[in-house]
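What follows is the content of structure.tsv, which has TSV, C-alpha atoms and all ligand atoms:
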```
chain	number	residue	atom	x	y	z
Z	4	MET	CA	92.26	148.15	76.69
Z	5	GLU	CA	88.79	147.22	75.46
Z	6	LEU	CA	88.48	143.53	76.24
Z	7	LEU	CA	85.12	141.92	76.80
Z	8	LYS	CA	86.48	138.51	77.59
Z	9	ARG	CA	89.02	138.29	80.35
Z	10	PRO	CA	89.40	134.65	81.46
Z	11	ARG	CA	91.68	135.85	84.26
Z	12	ARG	CA	88.66	137.37	86.05
Z	13	LEU	CA	87.82	133.92	87.28
Z	14	ARG	CA	91.37	133.20	88.34
Z	15	LEU	CA	92.13	136.24	90.46
Z	16	ASP	CA	90.48	135.10	93.68
Z	17	GLY	CA	91.25	131.69	95.21
Z	18	ARG	CA	87.64	131.29	96.35
Z	19	VAL	CA	86.36	131.79	92.81
Z	20	ARG	CA	88.93	129.34	91.45
Z	21	GLU	CA	87.60	126.77	93.89
Z	22	MET	CA	83.97	127.69	93.12
Z	23	ILE	CA	84.29	127.02	89.40
Z	24	ARG	CA	86.39	123.86	89.42
Z	25	GLU	CA	85.30	121.37	86.79
Z	26	THR	CA	86.88	118.35	88.44
Z	27	ARG	CA	86.30	117.40	92.04
Z	28	ILE	CA	87.74	114.44	93.82
Z	29	SER	CA	85.94	112.34	96.39
Z	30	LYS	CA	87.56	109.82	98.71
Z	31	ASP	CA	84.62	107.53	98.00
Z	32	SER	CA	85.94	106.84	94.50
Z	33	LEU	CA	89.38	105.60	95.58
Z	34	ILE	CA	90.43	101.95	95.62
Z	35	TYR	CA	93.62	100.88	97.38
Z	36	PRO	CA	95.41	97.70	96.19
Z	37	LEU	CA	96.94	95.40	98.82
Z	38	PHE	CA	99.30	92.43	98.43
Z	39	ILE	CA	98.76	89.47	100.73
Z	40	GLU	CA	101.46	86.84	100.98
Z	41	GLU	CA	100.99	83.34	102.32
Z	42	GLY	CA	102.75	82.91	105.65
Z	43	LYS	CA	102.78	84.43	109.12
Z	44	GLY	CA	103.91	87.68	110.63
Z	45	ILE	CA	104.81	89.24	107.29
Z	46	ILE	CA	105.11	93.01	106.86
Z	47	LYS	CA	107.64	93.25	104.09
Z	48	ASP	CA	108.71	96.30	102.10
Z	49	ILE	CA	108.23	96.05	98.35
Z	50	GLN	CA	111.58	97.29	97.03
Z	51	ALA	CA	110.29	98.44	93.66
Z	52	MET	CA	107.43	100.39	95.24
Z	53	PRO	CA	108.77	102.39	98.19
Z	54	GLY	CA	106.07	102.84	100.82
Z	55	GLN	CA	104.08	99.75	99.76
Z	56	LYS	CA	104.23	96.49	101.71
Z	57	ARG	CA	103.24	92.88	101.55
Z	58	TYR	CA	101.21	91.53	104.45
Z	59	SER	CA	100.24	88.07	105.58
Z	60	VAL	CA	96.69	87.24	106.58
Z	61	ASP	CA	97.45	87.76	110.29
Z	62	THR	CA	99.09	91.19	109.83
Z	63	LEU	CA	96.59	92.37	107.22
Z	64	PRO	CA	94.35	94.04	109.85
Z	65	PHE	CA	97.17	96.56	110.55
Z	66	ALA	CA	97.08	97.59	106.90
Z	67	LEU	CA	93.29	97.75	106.86
Z	68	GLU	CA	93.28	99.91	109.95
Z	69	GLU	CA	95.50	102.45	108.20
Z	70	VAL	CA	93.26	102.40	105.15
Z	71	ALA	CA	90.13	102.92	107.22
Z	72	LYS	CA	91.77	105.68	109.26
Z	73	ALA	CA	92.75	107.51	106.08
Z	74	GLY	CA	89.11	107.48	105.01
Z	75	VAL	CA	89.63	105.14	102.06
Z	76	LYS	CA	86.64	102.81	101.80
Z	77	ASN	CA	87.56	100.35	99.08
Z	78	VAL	CA	90.41	97.86	98.81
Z	79	MET	CA	91.46	95.36	96.18
Z	80	PHE	CA	93.37	92.20	97.11
Z	81	PHE	CA	96.17	90.45	95.24
Z	82	GLY	CA	97.34	87.11	96.62
Z	83	ILE	CA	100.88	85.75	96.65
Z	84	PRO	CA	100.86	81.99	97.30
Z	85	SER	CA	103.81	80.10	98.78
Z	86	HIS	CA	103.41	77.44	96.12
Z	87	LYS	CA	102.91	78.02	92.40
Z	88	ASP	CA	102.04	75.39	89.81
Z	89	GLU	CA	101.30	75.00	86.09
Z	90	CYS	CA	97.57	75.50	86.52
Z	91	GLY	CA	97.62	78.22	89.19
Z	92	SER	CA	95.60	76.12	91.61
Z	93	GLY	CA	96.23	78.56	94.47
Z	94	ALA	CA	94.03	81.10	92.69
Z	95	TYR	CA	90.84	79.08	93.15
Z	96	HIS	CA	91.61	77.07	96.28
Z	97	ASP	CA	88.88	77.53	98.91
Z	98	HIS	CA	91.58	78.20	101.48
Z	99	GLY	CA	93.96	80.04	99.19
Z	100	VAL	CA	95.81	83.07	100.52
Z	101	VAL	CA	93.44	85.62	99.06
Z	102	GLN	CA	90.33	83.70	100.13
Z	103	GLU	CA	91.64	83.56	103.71
Z	104	ALA	CA	92.46	87.25	103.49
Z	105	PHE	CA	88.86	88.08	102.56
Z	106	ARG	CA	87.53	85.97	105.45
Z	107	ILE	CA	89.71	87.74	108.02
Z	108	ALA	CA	89.25	91.20	106.53
Z	109	VAL	CA	85.47	91.11	106.30
Z	110	LYS	CA	85.32	90.10	109.96
Z	111	ALA	CA	87.88	92.65	111.17
Z	112	PHE	CA	86.73	95.64	109.09
Z	113	PRO	CA	83.21	95.02	107.79
Z	114	GLU	CA	82.87	98.70	106.93
Z	115	LEU	CA	85.40	98.41	104.08
Z	116	TYR	CA	84.40	97.26	100.60
Z	117	TYR	CA	86.39	94.31	99.26
Z	118	ILE	CA	87.29	93.67	95.64
Z	119	GLY	CA	89.14	90.63	94.33
Z	120	ASP	CA	91.57	90.85	91.44
Z	121	VAL	CA	90.80	87.75	89.40
Z	122	CYS	CA	93.85	86.47	87.54
Z	123	MET	CA	96.23	83.54	87.58
Z	124	CYS	CA	99.64	85.12	86.99
Z	125	GLU	CA	100.57	85.34	90.67
Z	126	TYR	CA	99.70	81.65	91.07
Z	127	THR	CA	101.25	79.99	88.01
Z	128	SER	CA	104.83	78.67	87.93
Z	129	HIS	CA	105.31	80.12	84.42
Z	130	GLY	CA	103.84	83.52	85.38
Z	131	HIS	CA	101.28	83.72	82.58
Z	132	CYS	CA	97.68	84.72	83.24
Z	133	GLY	CA	96.22	81.30	82.42
Z	134	ILE	CA	96.84	77.75	81.26
Z	135	ILE	CA	99.76	77.51	78.84
Z	136	LYS	CA	99.47	76.12	75.33
Z	137	GLY	CA	102.71	76.38	73.32
Z	138	ASP	CA	104.01	79.89	73.84
Z	139	THR	CA	100.69	81.49	74.64
Z	140	VAL	CA	97.71	81.07	76.94
Z	141	ASP	CA	94.89	78.68	76.07
Z	142	ASN	CA	91.91	81.00	76.20
Z	143	ASP	CA	89.05	78.54	76.56
Z	144	LYS	CA	90.80	76.23	79.02
Z	145	THR	CA	91.52	79.23	81.24
Z	146	LEU	CA	87.93	80.52	81.41
Z	147	PRO	CA	86.51	77.91	83.82
Z	148	LEU	CA	89.45	78.46	86.18
Z	149	LEU	CA	88.90	82.21	86.21
Z	150	ALA	CA	85.22	81.61	86.89
Z	151	LYS	CA	86.13	79.28	89.75
Z	152	THR	CA	88.54	81.87	91.14
Z	153	ALA	CA	85.86	84.55	91.09
Z	154	VAL	CA	83.28	82.34	92.83
Z	155	SER	CA	85.77	81.26	95.50
Z	156	GLN	CA	86.66	84.88	96.24
Z	157	VAL	CA	83.02	85.89	96.58
Z	158	GLU	CA	82.27	82.87	98.75
Z	159	ALA	CA	85.13	84.00	101.00
Z	160	GLY	CA	83.70	87.52	101.31
Z	161	ALA	CA	84.66	89.63	98.28
Z	162	SER	CA	81.89	92.05	97.32
Z	163	MET	CA	83.10	92.65	93.77
Z	164	VAL	CA	85.42	90.84	91.35
Z	165	ALA	CA	87.80	92.41	88.86
Z	166	PRO	CA	89.10	90.08	86.15
Z	167	SER	CA	92.51	91.31	84.91
Z	168	ASP	CA	93.58	88.39	82.71
Z	169	MET	CA	92.34	89.71	79.32
Z	170	MET	CA	91.05	86.35	78.07
Z	171	ASP	CA	88.18	86.56	75.58
Z	172	GLY	CA	84.82	85.71	77.10
Z	173	ARG	CA	85.91	85.81	80.71
Z	174	VAL	CA	83.31	88.33	81.83
Z	175	LEU	CA	80.53	86.08	80.52
Z	176	ALA	CA	82.11	82.97	82.06
Z	177	ILE	CA	82.43	84.72	85.43
Z	178	ARG	CA	78.92	86.22	85.26
Z	179	LYS	CA	77.38	82.81	84.56
Z	180	ALA	CA	79.36	81.12	87.32
Z	181	LEU	CA	78.50	83.81	89.86
Z	182	ASP	CA	74.83	83.61	88.95
Z	183	ALA	CA	74.83	79.83	89.18
Z	184	ALA	CA	76.34	80.09	92.67
Z	185	GLY	CA	73.62	82.53	93.74
Z	186	PHE	CA	75.77	85.66	93.48
Z	187	GLU	CA	73.72	87.44	90.84
Z	188	ASP	CA	74.06	90.72	92.75
Z	189	THR	CA	77.85	90.71	92.81
Z	190	PRO	CA	79.22	93.29	90.34
Z	191	ILE	CA	82.04	92.68	87.89
Z	192	MET	CA	84.58	95.43	87.30
Z	193	SER	CA	86.30	94.37	84.13
Z	194	TYR	CA	89.85	95.33	83.21
Z	195	ALA	CA	88.44	95.90	79.74
Z	196	ALA	CA	91.10	98.03	78.06
Z	197	LYS	CA	94.25	96.65	79.60
Z	198	TYR	CA	97.39	97.32	77.63
Z	199	ALA	CA	100.60	95.25	77.56
Z	200	SER	CA	102.66	97.81	79.41
Z	201	ALA	CA	106.14	98.31	80.84
Z	202	PHE	CA	104.43	100.33	83.57
Z	203	TYR	CA	103.57	97.01	85.30
Z	204	GLY	CA	107.28	96.38	85.98
Z	205	PRO	CA	107.31	97.11	89.73
Z	206	PHE	CA	104.11	95.08	90.25
Z	207	ARG	CA	106.03	91.96	89.28
Z	208	ASP	CA	108.19	92.52	92.35
Z	209	ALA	CA	105.16	93.30	94.48
Z	210	ALA	CA	103.22	90.22	93.38
Z	211	GLY	CA	106.15	87.82	93.32
Z	212	SER	CA	106.03	87.27	89.57
Z	213	ASP	CA	109.44	88.84	88.93
Z	214	ASN	CA	110.70	85.50	87.59
Z	215	PHE	CA	108.39	86.03	84.62
Z	216	LYS	CA	110.53	86.35	81.52
Z	217	GLY	CA	108.01	86.56	78.70
Z	218	ASN	CA	105.46	89.17	77.80
Z	219	ARG	CA	101.68	89.33	77.68
Z	220	LYS	CA	101.29	90.71	74.16
Z	221	THR	CA	99.16	87.78	72.98
Z	222	TYR	CA	96.40	88.76	75.39
Z	223	GLN	CA	96.92	92.30	76.67
Z	224	MET	CA	96.40	95.13	74.17
Z	225	ASP	CA	98.93	96.78	71.88
Z	226	TYR	CA	99.45	100.36	73.06
Z	227	HIS	CA	99.38	101.70	69.52
Z	228	ASN	CA	95.63	101.10	69.42
Z	229	ARG	CA	92.75	103.31	70.48
Z	230	ARG	CA	89.74	101.97	68.59
Z	231	GLU	CA	90.50	98.47	69.82
Z	232	ALA	CA	89.88	99.69	73.37
Z	233	LEU	CA	86.28	100.40	72.42
Z	234	LYS	CA	85.94	96.94	70.91
Z	235	GLU	CA	87.10	95.42	74.22
Z	236	VAL	CA	84.83	97.69	76.22
Z	237	TYR	CA	81.72	96.91	74.16
Z	238	THR	CA	82.47	93.19	74.27
Z	239	ASP	CA	82.77	93.22	78.05
Z	240	LEU	CA	79.58	95.25	78.40
Z	241	GLU	CA	77.70	92.77	76.22
Z	242	GLU	CA	79.03	90.01	78.48
Z	243	GLY	CA	77.65	91.74	81.56
Z	244	ALA	CA	80.44	93.92	82.95
Z	245	ASP	CA	79.13	96.52	85.41
Z	246	ILE	CA	82.19	98.75	85.56
Z	247	ILE	CA	84.80	99.19	82.84
Z	248	MET	CA	88.45	99.79	83.57
Z	249	VAL	CA	91.24	101.41	81.58
Z	250	LYS	CA	94.78	100.47	82.57
Z	251	PRO	CA	97.40	101.97	82.90
Z	252	ALA	CA	96.17	105.52	83.48
Z	253	LEU	CA	98.66	108.30	82.88
Z	254	SER	CA	99.84	107.39	79.39
Z	255	TYR	CA	96.28	106.41	78.52
Z	256	LEU	CA	94.26	109.51	79.36
Z	257	ASP	CA	93.06	109.64	75.76
Z	258	ILE	CA	91.62	106.15	76.14
Z	259	ILE	CA	89.89	107.07	79.41
Z	260	ARG	CA	88.27	110.05	77.68
Z	261	GLU	CA	87.30	107.98	74.65
Z	262	VAL	CA	85.66	105.32	76.79
Z	263	ARG	CA	83.95	107.92	79.00
Z	264	ASN	CA	82.41	109.55	75.93
Z	265	GLU	CA	81.16	106.23	74.57
Z	266	VAL	CA	79.61	104.34	77.48
Z	267	ASN	CA	77.07	104.99	80.21
Z	268	VAL	CA	78.61	102.77	82.89
Z	269	PRO	CA	81.15	103.86	85.51
Z	270	VAL	CA	84.71	104.07	84.21
Z	271	ALA	CA	87.61	103.10	86.45
Z	272	ALA	CA	91.27	103.91	85.84
Z	273	TYR	CA	94.17	101.99	87.35
Z	274	SER	CA	97.22	104.14	88.01
Z	275	VAL	CA	99.70	101.28	88.04
Z	276	SER	CA	102.90	100.38	89.84
Z	277	GLY	CA	105.25	102.05	87.33
Z	278	GLU	CA	103.38	105.34	87.58
Z	279	TYR	CA	103.70	105.16	91.36
Z	280	ALA	CA	107.38	104.17	91.24
Z	281	MET	CA	108.33	107.00	88.86
Z	282	ILE	CA	106.83	109.61	91.16
Z	283	LYS	CA	108.42	108.03	94.24
Z	284	ALA	CA	111.84	107.82	92.58
Z	285	ALA	CA	111.83	111.38	91.29
Z	286	ALA	CA	110.62	112.68	94.66
Z	287	HIS	CA	113.30	110.68	96.45
Z	288	MET	CA	115.91	112.32	94.22
Z	289	GLY	CA	114.53	115.73	95.16
Z	290	MET	CA	113.56	116.43	91.56
Z	291	ILE	CA	109.83	117.00	92.02
Z	292	ASP	CA	107.39	118.06	94.73
Z	293	GLU	CA	105.74	114.72	95.50
Z	294	SER	CA	102.37	115.83	96.80
Z	295	ALA	CA	101.95	118.50	94.11
Z	296	ILE	CA	102.66	115.85	91.47
Z	297	ILE	CA	100.23	113.42	93.11
Z	298	ALA	CA	97.54	116.12	93.10
Z	299	GLU	CA	98.11	117.05	89.47
Z	300	THR	CA	98.38	113.54	88.04
Z	301	THR	CA	95.38	112.32	90.04
Z	302	THR	CA	93.27	115.27	88.94
Z	303	SER	CA	94.26	114.66	85.31
Z	304	ILE	CA	92.93	111.09	85.49
Z	305	TYR	CA	89.57	112.28	86.82
Z	306	ARG	CA	89.51	115.17	84.34
Z	307	ALA	CA	90.05	112.64	81.54
Z	308	GLY	CA	86.80	111.02	82.63
Z	309	ALA	CA	87.52	108.43	85.30
Z	310	ASP	CA	84.83	107.97	87.95
Z	311	ILE	CA	86.91	105.57	90.02
Z	312	LEU	CA	90.66	105.49	90.64
Z	313	ILE	CA	92.68	102.50	91.73
Z	314	THR	CA	95.93	103.86	93.11
Z	315	TYR	CA	98.77	103.09	95.51
Z	316	PHE	CA	98.51	106.74	96.57
Z	317	ALA	CA	94.92	106.28	97.81
Z	318	LYS	CA	95.75	107.03	101.46
Z	319	GLU	CA	97.78	110.12	100.54
Z	320	ILE	CA	95.06	111.37	98.22
Z	321	ALA	CA	92.41	110.85	100.91
Z	322	ALA	CA	94.53	112.91	103.34
Z	323	MET	CA	94.93	115.63	100.72
Z	324	VAL	CA	91.17	115.72	100.13
Z	325	GLU	CA	90.63	115.99	103.89
Z	326	GLU	CA	93.07	118.92	104.11
Z	327	GLY	CA	91.69	120.63	101.01
Z	328	ARG	CA	94.93	120.22	99.07
Z	329	ILE	CA	93.24	118.42	96.19
Z	330	GLY	CA	89.85	118.40	94.53
E	401	LIG	C1	97.51	90.66	86.94
E	401	LIG	C2	97.69	92.11	87.15
E	401	LIG	C3	98.79	92.92	86.83
E	401	LIG	C4	98.50	94.18	87.34
E	401	LIG	C5	97.23	94.11	87.90
E	401	LIG	N1	96.74	92.83	87.77
E	401	LIG	C6	100.08	92.57	86.20
E	401	LIG	C7	100.14	92.29	84.76
E	401	LIG	O1	99.13	92.19	84.07
E	401	LIG	O2	101.25	92.10	84.28
E	401	LIG	C8	99.39	95.37	87.29
E	401	LIG	C9	99.17	96.36	88.36
E	401	LIG	C10	100.27	97.35	88.54
E	401	LIG	O3	101.26	97.39	87.79
E	401	LIG	O4	100.15	98.15	89.47
E	401	LIG	N2	97.28	90.27	85.66
```
The structure in this file should be written as structure tokens.
Ligand code: PBG
Amino acid sequence: MELLKRPRRLRLDGRVREMIRETRISKDSLIYPLFIEEGKGIIKDIQAMPGQKRYSVDTLPFALEEVAKAGVKNVMFFGIPSHKDECGSGAYHDHGVVQEAFRIAVKAFPELYYIGDVCMCEYTSHGHCGIIKGDTVDNDKTLPLLAKTAVSQVEAGASMVAPSDMMDGRVLAIRKALDAAGFEDTPIMSYAAKYASAFYGPFRDAAGSDNFKGNRKTYQMDYHNRREALKEVYTDLEEGADIIMVKPALSYLDIIREVRNEVNVPVAAYSVSGEYAMIKAAAHMGMIDESAIIAETTTSIYRAGADILITYFAKEIAAMVEEGRIG
């Protein structure tokens, strides 16, 4: 057969397949989310996310030790306060659960990099991501509280803040507040294109907001829209965002690619709780090969254009990188 082009030539030898890979995965780009609950001696399984746990400030070092051992360098903290109120005051309290977590963590494992998720939904009695007005969130009243939350997290030791609330103007409000407090070198990773998604379901259990009955469609994006993601991304960049995030990841690979093609800043993807839970559930049922699925889905997110991946599988992925089973 006279064939000049035989793509299989480059697939016949495993060493050549590895040589020509277009997507490579580095442990350095992984971020592992952790849930810290107010209280003492807590190491509690999160039912909706098998394998994930909630820790209290005093047990947190055990979790951080595992992270460090796995070779994951970056963690993101979510706080779960014992008391919630209308205005989410636990989010910006100097001695709030997440602030105390940063203080302990930075001391215990200074080699790790700490990121604070900035939002109010875990701290409000109604479960919305800000101050309530009628049946939605009052954008402009929420901004100063988000800014206060960000500053308090950085004062406590966070090296980066990641606002996930989707209020308009929050990146600018946070940037100004950080600068005014002398934190002009602290980067903001903005959840820029964050869609209102059923994939966040298990997170509500993890973060103790499972009493939340409403939805976030008046602030998070409608998943029918692609161009709107670019509008959000450009707005956040104009306001001073350093890193742009797309969330969720797996059903939004087209958005990741779109954003990657448009901007010259790092793009992060958040593979959320529902993506994790689906893989865990199917693996538990014996329906899929868990680590092969982790490798393939993770690679697809990077191939789509993500530079950074926030994932509950971070430790597993790091082990797979180490053993040459991914990347
Ligand atoms: C807080 C926040 C949420 C997630 C990250 N930050 C929940 C939500 O917006 O409803 C979801 C993360 C996940 O599902 O893993 N606003």
Review point. What separation in Å, quoted to one decimal, exists between atom CA of Tyr222 of chain Z and atom CA of Ser274 of chain Z?
Key: 19.9 Å
Contacts to ligand LIG 401 (chain E) at 10 Å cut-off (all atoms listed in the file) as an mmCIF file with C-alpha atoms, in the frame of the given file:
```
data_model
loop_
_atom_site.group_PDB
_atom_site.id
_atom_site.type_symbol
_atom_site.label_atom_id
_atom_site.label_comp_id
_atom_site.auth_asym_id
_atom_site.auth_seq_id
_atom_site.Cartn_x
_atom_site.Cartn_y
_atom_site.Cartn_z
ATOM 1 C CA PRO Z 36 95.410 97.700 96.190
ATOM 2 C CA MET Z 52 107.430 100.390 95.240
ATOM 3 C CA PHE Z 80 93.370 92.200 97.110
ATOM 4 C CA PHE Z 81 96.170 90.450 95.240
ATOM 5 C CA ASP Z 120 91.570 90.850 91.440
ATOM 6 C CA VAL Z 121 90.800 87.750 89.400
ATOM 7 C CA CYS Z 122 93.850 86.470 87.540
ATOM 8 C CA MET Z 123 96.230 83.540 87.580
ATOM 9 C CA CYS Z 124 99.640 85.120 86.990
ATOM 10 C CA GLU Z 125 100.570 85.340 90.670
ATOM 11 C CA GLY Z 130 103.840 83.520 85.380
ATOM 12 C CA HIS Z 131 101.280 83.720 82.580
ATOM 13 C CA CYS Z 132 97.680 84.720 83.240
ATOM 14 C CA GLY Z 133 96.220 81.300 82.420
ATOM 15 C CA ALA Z 165 87.800 92.410 88.860
ATOM 16 C CA PRO Z 166 89.100 90.080 86.150
ATOM 17 C CA SER Z 167 92.510 91.310 84.910
ATOM 18 C CA ASP Z 168 93.580 88.390 82.710
ATOM 19 C CA MET Z 169 92.340 89.710 79.320
ATOM 20 C CA TYR Z 194 89.850 95.330 83.210
ATOM 21 C CA LYS Z 197 94.250 96.650 79.600
ATOM 22 C CA TYR Z 198 97.390 97.320 77.630
ATOM 23 C CA ALA Z 199 100.600 95.250 77.560
ATOM 24 C CA SER Z 200 102.660 97.810 79.410
ATOM 25 C CA ALA Z 201 106.140 98.310 80.840
ATOM 26 C CA PHE Z 202 104.430 100.330 83.570
ATOM 27 C CA TYR Z 203 103.570 97.010 85.300
ATOM 28 C CA GLY Z 204 107.280 96.380 85.980
ATOM 29 C CA PRO Z 205 107.310 97.110 89.730
ATOM 30 C CA PHE Z 206 104.110 95.080 90.250
ATOM 31 C CA ARG Z 207 106.030 91.960 89.280
ATOM 32 C CA ASP Z 208 108.190 92.520 92.350
ATOM 33 C CA ALA Z 209 105.160 93.300 94.480
ATOM 34 C CA ALA Z 210 103.220 90.220 93.380
ATOM 35 C CA SER Z 212 106.030 87.270 89.570
ATOM 36 C CA ASP Z 213 109.440 88.840 88.930
ATOM 37 C CA PHE Z 215 108.390 86.030 84.620
ATOM 38 C CA ASN Z 218 105.460 89.170 77.800
ATOM 39 C CA ARG Z 219 101.680 89.330 77.680
ATOM 40 C CA TYR Z 222 96.400 88.760 75.390
ATOM 41 C CA GLN Z 223 96.920 92.300 76.670
ATOM 42 C CA LYS Z 250 94.780 100.470 82.570
ATOM 43 C CA PRO Z 251 97.400 101.970 82.900
ATOM 44 C CA TYR Z 273 94.170 101.990 87.350
ATOM 45 C CA SER Z 274 97.220 104.140 88.010
ATOM 46 C CA VAL Z 275 99.700 101.280 88.040
ATOM 47 C CA SER Z 276 102.900 100.380 89.840
ATOM 48 C CA GLY Z 277 105.250 102.050 87.330
ATOM 49 C CA GLU Z 278 103.380 105.340 87.580
ATOM 50 C CA TYR Z 279 103.700 105.160 91.360
ATOM 51 C CA ALA Z 280 107.380 104.170 91.240
ATOM 52 C CA ILE Z 313 92.680 102.500 91.730
ATOM 53 C CA THR Z 314 95.930 103.860 93.110
ATOM 54 C CA TYR Z 315 98.770 103.090 95.510
#
```
Exercise for review: Can you pull out every residue within 10 Å of segment 294-306 of chain Z, counting only C-alpha atoms, but drop anything in the same chain fewer than 4 positions away, and send it as a ChimeraX atom specification?
Suggested key: /Z:25-28,252-257,259-260,270-274,278-279,282-283,286,310-312,314,316-317,319-320,323-324,328-330
Practice item. Tell me which of Z:Pro190, Z:Gly93, Z:Pro147, Z:Gly217 sits closest to Glu41 of chain Z, counting all atoms listed in the file. Key: Z:Gly93
Review point. If we count only C-alpha atoms, what is near Ala66 of chain Z at a cut-off of 9 Å, once residues fewer than 6 positions away on the same chain are taken out, given as a VMD selection string?
Key: chain Z and resid 37 56 58
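One distance worth recording is that between atom CA of Val70 of chain Z and atom CA of Ala94 of chain Z, which is 24.7 Å.
Here atom CA of Gly42 of chain Z stands at a distance of 8.6 Å from atom CA of Val100 of chain Z.
Nearest to Val174 of chain Z of all the residues Z:Val101, Z:Ile135, Z:Leu149, Z:Ala321 is Z:Leu149, counting all atoms listed in the file.
Checking Z:Gly160, Z:Gly308, Z:Gly44, Z:Pro113 one by one against Ala71 of chain Z, counting only C-alpha atoms, you find the shortest gap at Z:Pro113.
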Dump of segment 255-260 of chain Z from preceding block, all heavy atoms, as an mmCIF file, in the first residue's frame:
```
data_model
loop_
_atom_site.group_PDB
_atom_site.id
_atom_site.type_symbol
_atom_site.label_atom_id
_atom_site.label_comp_id
_atom_site.auth_asym_id
_atom_site.auth_seq_id
_atom_site.Cartn_x
_atom_site.Cartn_y
_atom_site.Cartn_z
ATOM 1 N N TYR Z 255 -17.413 21.962 30.853
ATOM 2 C CA TYR Z 255 -17.110 23.324 30.417
ATOM 3 C C TYR Z 255 -15.741 23.414 29.740
ATOM 4 O O TYR Z 255 -15.096 24.456 29.757
ATOM 5 C CB TYR Z 255 -17.200 24.279 31.630
ATOM 6 C CG TYR Z 255 -18.607 24.288 32.191
ATOM 7 C CD1 TYR Z 255 -19.040 23.286 33.060
ATOM 8 C CD2 TYR Z 255 -19.533 25.246 31.783
ATOM 9 C CE1 TYR Z 255 -20.346 23.253 33.532
ATOM 10 C CE2 TYR Z 255 -20.846 25.233 32.253
ATOM 11 C CZ TYR Z 255 -21.236 24.220 33.128
ATOM 12 O OH TYR Z 255 -22.530 24.196 33.569
ATOM 13 N N LEU Z 256 -15.331 22.322 29.108
ATOM 14 C CA LEU Z 256 -14.020 22.309 28.458
ATOM 15 C C LEU Z 256 -13.978 23.307 27.303
ATOM 16 O O LEU Z 256 -12.926 23.881 27.007
ATOM 17 C CB LEU Z 256 -13.686 20.895 27.956
ATOM 18 C CG LEU Z 256 -13.546 19.811 29.035
ATOM 19 C CD1 LEU Z 256 -13.264 18.457 28.379
ATOM 20 C CD2 LEU Z 256 -12.449 20.146 30.024
ATOM 21 N N ASP Z 257 -15.144 23.504 26.665
ATOM 22 C CA ASP Z 257 -15.191 24.488 25.574
ATOM 23 C C ASP Z 257 -14.926 25.895 26.105
ATOM 24 O O ASP Z 257 -14.281 26.711 25.432
ATOM 25 C CB ASP Z 257 -16.547 24.430 24.855
ATOM 26 C CG ASP Z 257 -17.726 24.651 25.801
ATOM 27 O OD1 ASP Z 257 -17.628 24.247 26.994
ATOM 28 O OD2 ASP Z 257 -18.737 25.234 25.372
ATOM 29 N N ILE Z 258 -15.399 26.162 27.306
ATOM 30 C CA ILE Z 258 -15.197 27.497 27.886
ATOM 31 C C ILE Z 258 -13.720 27.679 28.262
ATOM 32 O O ILE Z 258 -13.128 28.740 28.051
ATOM 33 C CB ILE Z 258 -16.077 27.693 29.153
ATOM 34 C CG1 ILE Z 258 -17.544 27.314 28.862
ATOM 35 C CG2 ILE Z 258 -15.970 29.121 29.682
ATOM 36 C CD1 ILE Z 258 -18.233 28.163 27.827
ATOM 37 N N ILE Z 259 -13.129 26.639 28.813
ATOM 38 C CA ILE Z 259 -11.704 26.697 29.173
ATOM 39 C C ILE Z 259 -10.882 27.023 27.925
ATOM 40 O O ILE Z 259 -10.019 27.899 27.926
ATOM 41 C CB ILE Z 259 -11.224 25.366 29.794
ATOM 42 C CG1 ILE Z 259 -11.964 25.099 31.118
ATOM 43 C CG2 ILE Z 259 -9.707 25.376 30.018
ATOM 44 C CD1 ILE Z 259 -11.684 23.716 31.716
ATOM 45 N N ARG Z 260 -11.184 26.317 26.833
ATOM 46 C CA ARG Z 260 -10.444 26.553 25.582
ATOM 47 C C ARG Z 260 -10.672 27.971 25.069
ATOM 48 O O ARG Z 260 -9.739 28.663 24.652
ATOM 49 C CB ARG Z 260 -10.856 25.496 24.541
ATOM 50 C CG ARG Z 260 -10.368 25.729 23.127
ATOM 51 C CD ARG Z 260 -8.892 26.050 23.016
ATOM 52 N NE ARG Z 260 -8.017 25.050 23.634
ATOM 53 C CZ ARG Z 260 -6.704 25.216 23.822
ATOM 54 N NH1 ARG Z 260 -6.113 26.336 23.419
ATOM 55 N NH2 ARG Z 260 -5.988 24.285 24.391
#
```
